[in-house]
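For reference, upload_11.cif (mmCIF, C-alpha atoms (C1' of nucleotides)):
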```
data_model
#
loop_
_atom_site.label_atom_id
_atom_site.label_comp_id
_atom_site.auth_asym_id
_atom_site.auth_seq_id
_atom_site.Cartn_x
_atom_site.Cartn_y
_atom_site.Cartn_z
CA MET A 1 0.00 0.00 0.00
CA ASN A 2 1.06 3.50 -0.79
CA ASP A 3 0.68 4.90 2.68
CA HIS A 4 1.57 8.53 2.56
CA HIS A 5 -0.26 10.61 5.13
CA PRO A 6 0.27 14.37 5.18
CA THR A 7 1.38 15.87 8.47
CA ARG A 8 -0.97 18.07 10.42
CA GLU A 9 0.87 21.16 9.20
CA ASP A 10 0.50 20.10 5.61
CA LEU A 11 -3.27 19.82 5.66
CA ARG A 12 -4.85 22.18 3.14
CA LEU A 13 -8.40 23.36 3.49
CA PRO A 14 -9.27 23.25 -0.22
CA ASP A 15 -7.99 19.68 -0.43
CA VAL A 16 -10.04 18.65 2.58
CA LEU A 17 -13.17 20.31 1.20
CA LEU A 18 -12.60 18.74 -2.18
CA ALA A 19 -12.17 15.31 -0.62
CA LEU A 20 -15.41 15.74 1.32
CA GLY A 21 -17.21 17.21 -1.66
CA ASN A 22 -18.13 13.82 -3.05
CA PRO A 23 -21.20 11.95 -1.85
CA ILE A 24 -19.49 8.57 -1.61
CA ARG A 25 -16.54 9.95 0.33
CA LEU A 26 -18.74 12.11 2.54
CA ALA A 27 -20.87 9.10 3.47
CA ALA A 28 -17.76 7.03 4.13
CA VAL A 29 -16.30 9.68 6.40
CA LYS A 30 -19.53 9.92 8.36
CA GLN A 31 -19.44 6.22 8.93
CA ILE A 32 -15.78 6.27 9.94
CA SER A 33 -16.56 9.04 12.41
CA ILE A 34 -18.69 6.59 14.36
CA GLY A 35 -15.67 4.37 14.85
CA GLU A 36 -12.69 2.78 13.21
CA CYS A 37 -13.66 0.58 10.26
CA ILE A 38 -12.23 -1.64 7.62
CA CYS A 39 -12.98 -1.30 3.93
CA SER A 40 -15.38 -4.20 3.83
CA ASP A 41 -17.59 -2.51 6.42
CA PHE A 42 -18.78 -0.21 3.67
CA VAL A 43 -21.68 -1.03 1.44
CA THR A 44 -21.45 0.97 -1.75
CA ASP A 45 -22.59 0.90 -5.32
CA VAL A 46 -19.07 1.06 -6.64
CA SER A 47 -16.38 -1.52 -7.13
CA LYS A 48 -13.59 -2.39 -4.74
CA SER A 49 -10.99 -0.69 -6.90
CA THR A 50 -13.09 2.46 -7.04
CA MET A 51 -13.29 2.51 -3.27
CA THR A 52 -9.52 2.11 -3.10
CA HIS A 53 -9.37 5.31 -5.14
CA HIS A 54 -11.71 7.14 -2.76
CA TRP A 55 -9.74 5.99 0.29
CA ARG A 56 -6.61 7.34 -1.29
CA VAL A 57 -8.20 10.72 -1.92
CA LEU A 58 -9.33 10.91 1.70
CA ARG A 59 -5.95 9.78 3.02
CA GLU A 60 -3.95 12.16 0.84
CA ALA A 61 -6.16 15.06 1.88
CA GLY A 62 -5.46 14.10 5.49
CA VAL A 63 -9.05 13.31 6.36
CA ILE A 64 -8.50 9.69 7.33
CA ARG A 65 -5.67 7.55 8.58
CA GLN A 66 -5.13 4.06 7.23
CA ARG A 67 -3.54 1.51 9.52
CA PRO A 68 -2.83 -1.86 7.92
CA GLU A 69 -3.07 -4.77 10.30
CA GLY A 70 -2.83 -8.25 8.99
CA ARG A 71 -5.00 -8.53 5.98
CA VAL A 72 -7.20 -5.59 6.67
CA ILE A 73 -6.75 -1.85 6.82
CA TYR A 74 -8.26 -0.01 9.73
CA MET A 75 -9.45 3.45 8.86
CA SER A 76 -10.01 6.25 11.30
CA LEU A 77 -10.87 9.90 11.13
CA ARG A 78 -8.00 12.32 11.80
CA GLN A 79 -10.27 14.22 14.14
CA ASP A 80 -7.55 15.81 16.29
CA ASP A 81 -5.51 17.03 13.37
CA LEU A 82 -8.53 18.39 11.57
CA GLU A 83 -9.84 20.04 14.70
CA ALA A 84 -6.47 21.65 15.34
CA ARG A 85 -6.24 23.16 11.91
CA PHE A 86 -9.90 23.65 11.04
CA PRO A 87 -11.80 23.96 14.30
CA GLY A 88 -15.48 23.21 14.06
CA LEU A 89 -15.31 22.03 10.48
CA LEU A 90 -16.02 18.37 11.08
CA SER A 91 -18.83 18.96 13.52
CA ALA A 92 -20.42 21.44 11.12
CA ILE A 93 -20.27 18.83 8.39
CA PHE A 94 -21.63 16.05 10.58
CA ASN A 95 -24.39 18.25 11.95
CA ALA A 96 -25.47 19.48 8.56
CA ASP A 97 -29.12 19.24 7.68
CA GLN A 98 -29.01 16.62 4.96
CA PRO A 99 -32.03 15.15 3.27
CA ALA A 100 -31.88 11.46 2.39
CA MET B 1 -27.05 36.11 -17.55
CA ASN B 2 -28.16 32.65 -16.59
CA ASP B 3 -29.33 33.48 -13.10
CA HIS B 4 -30.57 30.32 -11.53
CA HIS B 5 -30.13 30.21 -7.77
CA PRO B 6 -31.10 27.07 -5.86
CA THR B 7 -33.58 27.53 -3.04
CA ARG B 8 -32.45 27.06 0.53
CA GLU B 9 -34.07 23.62 0.63
CA ASP B 10 -32.21 22.56 -2.48
CA LEU B 11 -28.73 23.25 -1.12
CA ARG B 12 -26.64 20.09 -1.06
CA LEU B 13 -23.67 19.74 1.23
CA PRO B 14 -21.42 17.87 -1.22
CA ASP B 15 -22.05 20.55 -3.84
CA VAL B 16 -21.22 23.31 -1.39
CA LEU B 17 -18.03 21.56 -0.29
CA LEU B 18 -17.05 20.90 -3.86
CA ALA B 19 -17.62 24.54 -4.78
CA LEU B 20 -15.46 25.66 -1.86
CA GLY B 21 -12.85 23.01 -2.55
CA ASN B 22 -11.05 25.12 -5.09
CA PRO B 23 -8.47 27.70 -4.05
CA ILE B 24 -9.70 30.40 -6.40
CA ARG B 25 -13.30 30.00 -5.34
CA LEU B 26 -12.43 29.72 -1.68
CA ALA B 27 -10.45 32.96 -1.83
CA ALA B 28 -13.27 34.65 -3.71
CA VAL B 29 -15.82 33.56 -1.13
CA LYS B 30 -13.65 34.84 1.70
CA GLN B 31 -13.47 38.20 0.03
CA ILE B 32 -17.21 38.28 -0.60
CA SER B 33 -17.80 37.46 3.05
CA ILE B 34 -16.28 40.82 3.95
CA GLY B 35 -18.95 42.57 1.92
CA GLU B 36 -20.83 42.61 -1.34
CA CYS B 37 -18.51 42.89 -4.34
CA ILE B 38 -18.52 43.08 -8.10
CA CYS B 39 -16.46 40.84 -10.34
CA SER B 40 -13.85 43.45 -11.08
CA ASP B 41 -13.05 43.74 -7.37
CA PHE B 42 -11.22 40.46 -7.68
CA VAL B 43 -7.61 40.22 -8.62
CA THR B 44 -6.86 36.77 -9.95
CA ASP B 45 -4.44 34.96 -12.18
CA VAL B 46 -7.17 33.67 -14.42
CA SER B 47 -9.07 35.20 -17.28
CA LYS B 48 -12.42 36.94 -17.10
CA SER B 49 -14.21 34.03 -18.74
CA THR B 50 -12.66 31.60 -16.28
CA MET B 51 -13.91 33.71 -13.40
CA THR B 52 -17.38 33.70 -14.95
CA HIS B 53 -17.19 29.93 -14.75
CA HIS B 54 -16.19 30.02 -11.07
CA TRP B 55 -19.00 32.44 -10.22
CA ARG B 56 -21.43 30.10 -11.86
CA VAL B 57 -20.18 27.14 -9.83
CA LEU B 58 -20.55 29.12 -6.62
CA ARG B 59 -23.99 30.39 -7.57
CA GLU B 60 -25.28 26.99 -8.64
CA ALA B 61 -24.05 25.42 -5.41
CA GLY B 62 -25.94 28.15 -3.56
CA VAL B 63 -22.90 29.71 -1.96
CA ILE B 64 -23.32 33.16 -3.45
CA ARG B 65 -26.10 35.29 -4.82
CA GLN B 66 -25.60 37.37 -7.95
CA ARG B 67 -27.62 40.53 -8.30
CA PRO B 68 -27.21 42.34 -11.61
CA GLU B 69 -27.50 46.08 -11.39
CA GLY B 70 -26.80 48.16 -14.41
CA ARG B 71 -23.61 46.96 -15.98
CA VAL B 72 -22.23 45.20 -12.93
CA ILE B 73 -23.20 42.18 -10.89
CA TYR B 74 -23.18 42.44 -7.15
CA MET B 75 -22.19 39.26 -5.41
CA SER B 76 -22.99 38.37 -1.86
CA LEU B 77 -22.63 35.37 0.37
CA ARG B 78 -25.83 33.41 1.10
CA GLN B 79 -24.90 33.40 4.76
CA ASP B 80 -28.42 32.97 6.16
CA ASP B 81 -29.29 30.09 3.88
CA LEU B 82 -26.01 28.34 4.50
CA GLU B 83 -26.24 28.86 8.22
CA ALA B 84 -29.78 27.50 8.25
CA ARG B 85 -28.85 24.31 6.48
CA PHE B 86 -25.23 23.87 7.54
CA PRO B 87 -24.83 25.64 10.86
CA GLY B 88 -21.27 26.56 11.69
CA LEU B 89 -19.88 25.57 8.35
CA LEU B 90 -19.00 28.99 7.04
CA SER B 91 -17.46 30.19 10.25
CA ALA B 92 -15.38 27.02 10.48
CA ILE B 93 -14.13 27.67 6.98
CA PHE B 94 -13.40 31.32 7.59
CA ASN B 95 -11.68 30.62 10.90
CA ALA B 96 -9.53 27.86 9.49
CA ASP B 97 -5.84 28.03 10.08
CA GLN B 98 -4.61 28.67 6.58
CA PRO B 99 -1.02 29.34 5.66
CA ALA B 100 -0.35 31.86 2.90
"C1'" DA C 1 -24.95 57.67 -32.39
"C1'" DC C 2 -20.60 56.04 -30.72
"C1'" DA C 3 -17.28 54.23 -27.78
"C1'" DA C 4 -16.07 52.36 -23.40
"C1'" DT C 5 -17.16 49.30 -19.73
"C1'" DT C 6 -18.71 45.00 -17.59
"C1'" DG C 7 -19.60 40.87 -17.94
"C1'" DT C 8 -21.72 36.43 -20.48
"C1'" DA C 9 -21.79 32.67 -24.06
"C1'" DC C 10 -19.66 29.50 -26.75
"C1'" DG C 11 -16.30 26.31 -28.57
"C1'" DA C 12 -11.83 24.25 -28.08
"C1'" DT C 13 -8.28 22.39 -25.38
"C1'" DT C 14 -6.16 20.31 -21.63
"C1'" DC C 15 -6.24 18.27 -17.31
"C1'" DT C 16 -8.32 15.70 -13.62
"C1'" DA C 17 -11.91 12.51 -11.61
"C1'" DT C 18 -14.52 8.61 -11.53
"C1'" DC C 19 -15.08 4.13 -12.57
"C1'" DC C 20 -14.28 -0.58 -14.05
"C1'" DG C 21 -11.96 -5.09 -14.83
"C1'" DT C 22 -8.03 -7.77 -14.43
"C1'" DA C 23 -3.94 -9.06 -12.37
"C1'" DC C 24 -1.37 -9.04 -8.46
"C1'" DT C 25 0.37 -9.18 -3.26
"C1'" DA C 26 0.01 -10.37 1.39
"C1'" DT C 27 -2.04 -12.65 5.13
"C1'" DC C 28 -4.46 -16.20 7.36
"C1'" DA C 29 -6.73 -20.71 8.01
"C1'" DA C 30 -7.18 -25.52 7.05
"C1'" DT D 1 0.76 -26.09 0.52
"C1'" DT D 2 -3.46 -24.80 -1.01
"C1'" DG D 3 -7.23 -21.88 -1.03
"C1'" DA D 4 -9.84 -18.03 0.64
"C1'" DT D 5 -9.82 -13.25 1.95
"C1'" DA D 6 -8.72 -8.23 1.78
"C1'" DG D 7 -7.11 -5.09 -0.48
"C1'" DT D 8 -3.77 -2.54 -4.01
"C1'" DA D 9 -1.89 -1.38 -8.68
"C1'" DC D 10 -2.39 -0.58 -13.20
"C1'" DG D 11 -4.40 0.51 -17.68
"C1'" DG D 12 -8.21 2.20 -20.13
"C1'" DA D 13 -12.79 4.25 -20.81
"C1'" DT D 14 -15.73 8.04 -20.01
"C1'" DA D 15 -17.10 12.16 -18.03
"C1'" DG D 16 -16.43 16.46 -15.98
"C1'" DA D 17 -13.59 20.60 -14.55
"C1'" DA D 18 -10.57 24.44 -15.56
"C1'" DT D 19 -8.87 27.38 -18.73
"C1'" DC D 20 -8.56 30.44 -22.67
"C1'" DG D 21 -9.77 33.38 -26.68
"C1'" DT D 22 -13.13 35.38 -29.38
"C1'" DA D 23 -17.50 37.10 -30.12
"C1'" DC D 24 -21.43 39.01 -28.24
"C1'" DA D 25 -25.01 41.77 -25.23
"C1'" DA D 26 -26.32 45.36 -22.14
"C1'" DT D 27 -25.52 49.64 -19.97
"C1'" DT D 28 -23.51 54.09 -19.49
"C1'" DG D 29 -21.09 58.39 -20.65
"C1'" DT D 30 -19.91 61.72 -24.27
#
```

Please lay out the structure from this file as structure tokens.
Amino acid sequence: MNDHHPTREDLRLPDVLLALGNPIRLAAVKQISIGECICSDFVTDVSKSTMTHHWRVLREAGVIRQRPEGRVIYMSLRQDDLEARFPGLLSAIFNADQPA
Amino acid sequence: MNDHHPTREDLRLPDVLLALGNPIRLAAVKQISIGECICSDFVTDVSKSTMTHHWRVLREAGVIRQRPEGRVIYMSLRQDDLEARFPGLLSAIFNADQPA
DNA sequence: ACAATTGTACGATTCTATCCGTACTATCAA
DNA sequence: TTGATAGTACGGATAGAATCGTACAATTGT
């Protein structure tokens, strides 16, 4: 796995917003925010390789952290880093009034 | 001018995030947040027709309102609508720790 | 009426995103 | 060791975004 994670200082707001500005990724991040997950926890309409692409976008933007363990990859939200750089952003996004 | 503005109910979070997930548009929105502006108030590296494109993206996502008056178009942030649907989002974005 | 100003519309180009299938790697379990 | 599982990597197709130049439309000032 290509496992580059940007440091907290390297997070860029436009990149984070862009990463979250996709319905599949936004839904994935909401689910991860409930607790650490592995890829196969997600039910999506897209293929496995497409999800790999979306995980990469989220990781490279610094939204999630990927931690390989055995055969699976645990994914978690980089809540502390995001809160440090963009206070209130995640909670605003999670609290948003979103129709089905 | 094509002047379609989505209603408050039609705002979609991914669209708003996508619209703001571009450095040019994010900078433009920050400037608009200070007060109503016209296009020519903006100094950018891109051409006039490219800016027209970015204004359209922001308008269609519901981030800004365009109000033509005479030969110019006044642009303002749809702060109330955004706050109603996505409370705290704009202030989180404006308060973000952003390096130059 | 004419010219200047302010911005849009359109078409073309280039670049980036999304998506898939297939092939592959690594780990684990039997 | 063999097979199943979990995921990545890569190449290619399609679609969408960003950008520009040119041409145009509307308004305003002379």

Here's a check: after a least-squares fit over all in-order C-alpha atoms, write chain A in the frame of chain B, as a PDB file with C-alpha atoms, in the coordinates of the input.
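File produced: result18.pdb:
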```pdb
ATOM      1  CA  MET A   1     -27.005  36.036 -17.535  1.00  0.00           C
ATOM      2  CA  ASN A   2     -28.120  32.593 -16.588  1.00  0.00           C
ATOM      3  CA  ASP A   3     -29.289  33.418 -13.110  1.00  0.00           C
ATOM      4  CA  HIS A   4     -30.523  30.260 -11.531  1.00  0.00           C
ATOM      5  CA  HIS A   5     -30.108  30.197  -7.776  1.00  0.00           C
ATOM      6  CA  PRO A   6     -31.096  27.071  -5.861  1.00  0.00           C
ATOM      7  CA  THR A   7     -33.570  27.536  -3.038  1.00  0.00           C
ATOM      8  CA  ARG A   8     -32.457  27.092   0.529  1.00  0.00           C
ATOM      9  CA  GLU A   9     -34.066  23.653   0.630  1.00  0.00           C
ATOM     10  CA  ASP A  10     -32.209  22.571  -2.457  1.00  0.00           C
ATOM     11  CA  LEU A  11     -28.747  23.276  -1.112  1.00  0.00           C
ATOM     12  CA  ARG A  12     -26.637  20.121  -1.046  1.00  0.00           C
ATOM     13  CA  LEU A  13     -23.679  19.766   1.245  1.00  0.00           C
ATOM     14  CA  PRO A  14     -21.442  17.895  -1.210  1.00  0.00           C
ATOM     15  CA  ASP A  15     -22.071  20.562  -3.840  1.00  0.00           C
ATOM     16  CA  VAL A  16     -21.224  23.327  -1.399  1.00  0.00           C
ATOM     17  CA  LEU A  17     -18.046  21.566  -0.280  1.00  0.00           C
ATOM     18  CA  LEU A  18     -17.063  20.908  -3.860  1.00  0.00           C
ATOM     19  CA  ALA A  19     -17.615  24.546  -4.780  1.00  0.00           C
ATOM     20  CA  LEU A  20     -15.456  25.656  -1.855  1.00  0.00           C
ATOM     21  CA  GLY A  21     -12.853  23.002  -2.535  1.00  0.00           C
ATOM     22  CA  ASN A  22     -11.041  25.126  -5.080  1.00  0.00           C
ATOM     23  CA  PRO A  23      -8.457  27.695  -4.042  1.00  0.00           C
ATOM     24  CA  ILE A  24      -9.677  30.406  -6.402  1.00  0.00           C
ATOM     25  CA  ARG A  25     -13.297  30.000  -5.355  1.00  0.00           C
ATOM     26  CA  LEU A  26     -12.416  29.715  -1.676  1.00  0.00           C
ATOM     27  CA  ALA A  27     -10.440  32.961  -1.833  1.00  0.00           C
ATOM     28  CA  ALA A  28     -13.269  34.661  -3.702  1.00  0.00           C
ATOM     29  CA  VAL A  29     -15.819  33.572  -1.129  1.00  0.00           C
ATOM     30  CA  LYS A  30     -13.653  34.849   1.701  1.00  0.00           C
ATOM     31  CA  GLN A  31     -13.478  38.198   0.035  1.00  0.00           C
ATOM     32  CA  ILE A  32     -17.218  38.285  -0.615  1.00  0.00           C
ATOM     33  CA  SER A  33     -17.813  37.474   3.042  1.00  0.00           C
ATOM     34  CA  ILE A  34     -16.302  40.827   3.947  1.00  0.00           C
ATOM     35  CA  GLY A  35     -18.965  42.567   1.904  1.00  0.00           C
ATOM     36  CA  GLU A  36     -20.852  42.608  -1.341  1.00  0.00           C
ATOM     37  CA  CYS A  37     -18.546  42.890  -4.356  1.00  0.00           C
ATOM     38  CA  ILE A  38     -18.551  43.077  -8.085  1.00  0.00           C
ATOM     39  CA  CYS A  39     -16.488  40.832 -10.322  1.00  0.00           C
ATOM     40  CA  SER A  40     -13.883  43.446 -11.072  1.00  0.00           C
ATOM     41  CA  ASP A  41     -13.078  43.760  -7.370  1.00  0.00           C
ATOM     42  CA  PHE A  42     -11.228  40.480  -7.658  1.00  0.00           C
ATOM     43  CA  VAL A  43      -7.614  40.257  -8.628  1.00  0.00           C
ATOM     44  CA  THR A  44      -6.853  36.810  -9.957  1.00  0.00           C
ATOM     45  CA  ASP A  45      -4.428  35.016 -12.182  1.00  0.00           C
ATOM     46  CA  VAL A  46      -7.157  33.732 -14.431  1.00  0.00           C
ATOM     47  CA  SER A  47      -9.094  35.261 -17.267  1.00  0.00           C
ATOM     48  CA  LYS A  48     -12.452  36.976 -17.073  1.00  0.00           C
ATOM     49  CA  SER A  49     -14.216  34.067 -18.730  1.00  0.00           C
ATOM     50  CA  THR A  50     -12.648  31.648 -16.272  1.00  0.00           C
ATOM     51  CA  MET A  51     -13.923  33.729 -13.391  1.00  0.00           C
ATOM     52  CA  THR A  52     -17.383  33.705 -14.951  1.00  0.00           C
ATOM     53  CA  HIS A  53     -17.146  29.921 -14.737  1.00  0.00           C
ATOM     54  CA  HIS A  54     -16.160  30.018 -11.062  1.00  0.00           C
ATOM     55  CA  TRP A  55     -18.986  32.428 -10.219  1.00  0.00           C
ATOM     56  CA  ARG A  56     -21.412  30.067 -11.849  1.00  0.00           C
ATOM     57  CA  VAL A  57     -20.152  27.125  -9.822  1.00  0.00           C
ATOM     58  CA  LEU A  58     -20.537  29.118  -6.613  1.00  0.00           C
ATOM     59  CA  ARG A  59     -23.989  30.381  -7.580  1.00  0.00           C
ATOM     60  CA  GLU A  60     -25.284  26.973  -8.642  1.00  0.00           C
ATOM     61  CA  ALA A  61     -24.038  25.430  -5.411  1.00  0.00           C
ATOM     62  CA  GLY A  62     -25.944  28.145  -3.557  1.00  0.00           C
ATOM     63  CA  VAL A  63     -22.896  29.705  -1.961  1.00  0.00           C
ATOM     64  CA  ILE A  64     -23.307  33.156  -3.467  1.00  0.00           C
ATOM     65  CA  ARG A  65     -26.099  35.276  -4.832  1.00  0.00           C
ATOM     66  CA  GLN A  66     -25.623  37.330  -7.970  1.00  0.00           C
ATOM     67  CA  ARG A  67     -27.630  40.513  -8.315  1.00  0.00           C
ATOM     68  CA  PRO A  68     -27.229  42.309 -11.636  1.00  0.00           C
ATOM     69  CA  GLU A  69     -27.551  46.055 -11.404  1.00  0.00           C
ATOM     70  CA  GLY A  70     -26.818  48.159 -14.390  1.00  0.00           C
ATOM     71  CA  ARG A  71     -23.640  46.972 -15.919  1.00  0.00           C
ATOM     72  CA  VAL A  72     -22.273  45.199 -12.927  1.00  0.00           C
ATOM     73  CA  ILE A  73     -23.224  42.154 -10.918  1.00  0.00           C
ATOM     74  CA  TYR A  74     -23.201  42.440  -7.170  1.00  0.00           C
ATOM     75  CA  MET A  75     -22.224  39.251  -5.431  1.00  0.00           C
ATOM     76  CA  SER A  76     -23.012  38.373  -1.865  1.00  0.00           C
ATOM     77  CA  LEU A  77     -22.631  35.380   0.367  1.00  0.00           C
ATOM     78  CA  ARG A  78     -25.823  33.422   1.088  1.00  0.00           C
ATOM     79  CA  GLN A  79     -24.894  33.431   4.745  1.00  0.00           C
ATOM     80  CA  ASP A  80     -28.413  32.998   6.153  1.00  0.00           C
ATOM     81  CA  ASP A  81     -29.310  30.127   3.887  1.00  0.00           C
ATOM     82  CA  LEU A  82     -26.032  28.365   4.489  1.00  0.00           C
ATOM     83  CA  GLU A  83     -26.252  28.906   8.216  1.00  0.00           C
ATOM     84  CA  ALA A  84     -29.786  27.539   8.271  1.00  0.00           C
ATOM     85  CA  ARG A  85     -28.870  24.361   6.494  1.00  0.00           C
ATOM     86  CA  PHE A  86     -25.253  23.908   7.546  1.00  0.00           C
ATOM     87  CA  PRO A  87     -24.812  25.693  10.856  1.00  0.00           C
ATOM     88  CA  GLY A  88     -21.260  26.612  11.692  1.00  0.00           C
ATOM     89  CA  LEU A  89     -19.885  25.570   8.336  1.00  0.00           C
ATOM     90  CA  LEU A  90     -18.996  28.998   7.025  1.00  0.00           C
ATOM     91  CA  SER A  91     -17.443  30.204  10.239  1.00  0.00           C
ATOM     92  CA  ALA A  92     -15.385  27.018  10.465  1.00  0.00           C
ATOM     93  CA  ILE A  93     -14.135  27.627   6.950  1.00  0.00           C
ATOM     94  CA  PHE A  94     -13.378  31.293   7.549  1.00  0.00           C
ATOM     95  CA  ASN A  95     -11.666  30.574  10.849  1.00  0.00           C
ATOM     96  CA  ALA A  96      -9.532  27.804   9.454  1.00  0.00           C
ATOM     97  CA  ASP A  97      -5.827  27.945  10.090  1.00  0.00           C
ATOM     98  CA  GLN A  98      -4.543  28.572   6.593  1.00  0.00           C
ATOM     99  CA  PRO A  99      -0.943  29.199   5.707  1.00  0.00           C
ATOM    100  CA  ALA A 100      -0.266  31.725   2.955  1.00  0.00           C
TER     101      ALA A 100
END
```

Using all atoms listed in the file: which of C:DT6, C:DA17, C:DG11, C:DT27 has the shortest distance to chain A: C:DT27

Interatomic distance, CA of His53 (chain A) to CA of Glu9 (chain A) (Å, one decimal): 23.7 Å

Residues selected by the PyMOL selection byres ((chain D) within 8 of (chain B)), written as number ranges by chain: D: 18-20, 26-28

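Residues from chain C that have an atom within 9 Å of chain B, counting all atoms listed in the file, are C:DT5, C:DT6, C:DG7, C:DT8.
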
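For the pair CA of Ala61 (chain B) and CA of Asp10 (chain A), the separation is 27.4 Å.
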
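Each of C:DC24, C:DC10, C:DC15, C:DC2 was checked against DA9 (chain D) using all atoms listed in the file; the smallest atom-to-atom distance is that of C:DC24.
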
Picked residues, the PyMOL selection byres ((chain A) within 7 of (chain B)), as a PyMOL selection string: chain A and resi 14-15+17-18+20-23+85-89+92-93+96-97

Could you turn the residues from that selection into a file that holds C-alpha atoms, as a compact mmCIF listing (two decimals), in the frame of the given file?
```txt
# COMPACT_ATOMS: atom_id res chain seq x y z
CA PRO A 14 -9.27 23.25 -0.22
CA ASP A 15 -7.99 19.68 -0.43
CA LEU A 17 -13.17 20.31 1.20
CA LEU A 18 -12.60 18.74 -2.18
CA LEU A 20 -15.41 15.74 1.32
CA GLY A 21 -17.21 17.21 -1.66
CA ASN A 22 -18.13 13.82 -3.05
CA PRO A 23 -21.20 11.95 -1.85
CA ARG A 85 -6.24 23.16 11.91
CA PHE A 86 -9.90 23.65 11.04
CA PRO A 87 -11.80 23.96 14.30
CA GLY A 88 -15.48 23.21 14.06
CA LEU A 89 -15.31 22.03 10.48
CA ALA A 92 -20.42 21.44 11.12
CA ILE A 93 -20.27 18.83 8.39
CA ALA A 96 -25.47 19.48 8.56
CA ASP A 97 -29.12 19.24 7.68
```

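Of note, CA of Gln79 (chain A) and CA of Asp3 (chain A) are spaced 18.4 Å apart.
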
Shell around Tyr74 (chain B) at 7 Å using only C-alpha atoms (C1' of nucleotides), local window under 4 positions removed, as a PyMOL selection string: chain B and resi 36-38+66-68

Test item: residues at most 6 Å from Ser76 (chain A), all atoms listed in the file, excluding those fewer than 4 positions along its chain, as a PyMOL selection string: chain A and resi 32+36+64-65

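The residues returned by the PyMOL selection byres ((chain C and resi 25) around 9) for this structure are C:DC24, C:DA26, D:DG7, D:DT8.
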
DT1 (chain D) environment, 12 Å, only C-alpha atoms (C1' of nucleotides), sequence neighbours closer than 2 positions dropped, as a ChimeraX atom specification: /C:29-30 /D:3

Complete region 10-23 of chain A at the level of N, CA and C atoms, written as a compact mmCIF listing (two decimals), keeping the file's coordinate frame.
```
# COMPACT_ATOMS: atom_id res chain seq x y z
N ASP A 10 0.65 20.10 7.06
CA ASP A 10 0.50 20.10 5.61
C ASP A 10 -0.95 19.99 5.14
N LEU A 11 -1.87 19.89 6.07
CA LEU A 11 -3.27 19.82 5.66
C LEU A 11 -3.65 21.12 4.96
N ARG A 12 -4.42 21.00 3.91
CA ARG A 12 -4.85 22.18 3.14
C ARG A 12 -6.37 22.18 3.06
N LEU A 13 -6.95 23.28 3.46
CA LEU A 13 -8.40 23.36 3.49
C LEU A 13 -9.06 23.03 2.15
N PRO A 14 -8.60 23.60 1.04
CA PRO A 14 -9.27 23.25 -0.22
C PRO A 14 -9.21 21.76 -0.52
N ASP A 15 -8.09 21.12 -0.18
CA ASP A 15 -7.99 19.68 -0.43
C ASP A 15 -8.97 18.91 0.44
N VAL A 16 -9.10 19.32 1.68
CA VAL A 16 -10.04 18.65 2.58
C VAL A 16 -11.47 18.83 2.08
N LEU A 17 -11.81 20.06 1.68
CA LEU A 17 -13.17 20.31 1.20
C LEU A 17 -13.45 19.53 -0.08
N LEU A 18 -12.45 19.48 -0.94
CA LEU A 18 -12.60 18.74 -2.18
C LEU A 18 -12.81 17.26 -1.89
N ALA A 19 -12.03 16.73 -0.96
CA ALA A 19 -12.17 15.31 -0.62
C ALA A 19 -13.56 15.02 -0.06
N LEU A 20 -14.09 15.95 0.71
CA LEU A 20 -15.41 15.74 1.32
C LEU A 20 -16.54 16.11 0.37
N GLY A 21 -16.20 16.73 -0.73
CA GLY A 21 -17.21 17.21 -1.66
C GLY A 21 -17.62 16.16 -2.67
N ASN A 22 -17.70 14.94 -2.21
CA ASN A 22 -18.13 13.82 -3.05
C ASN A 22 -19.05 12.95 -2.20
N PRO A 23 -20.21 12.64 -2.68
CA PRO A 23 -21.20 11.95 -1.85
C PRO A 23 -20.71 10.62 -1.30
```
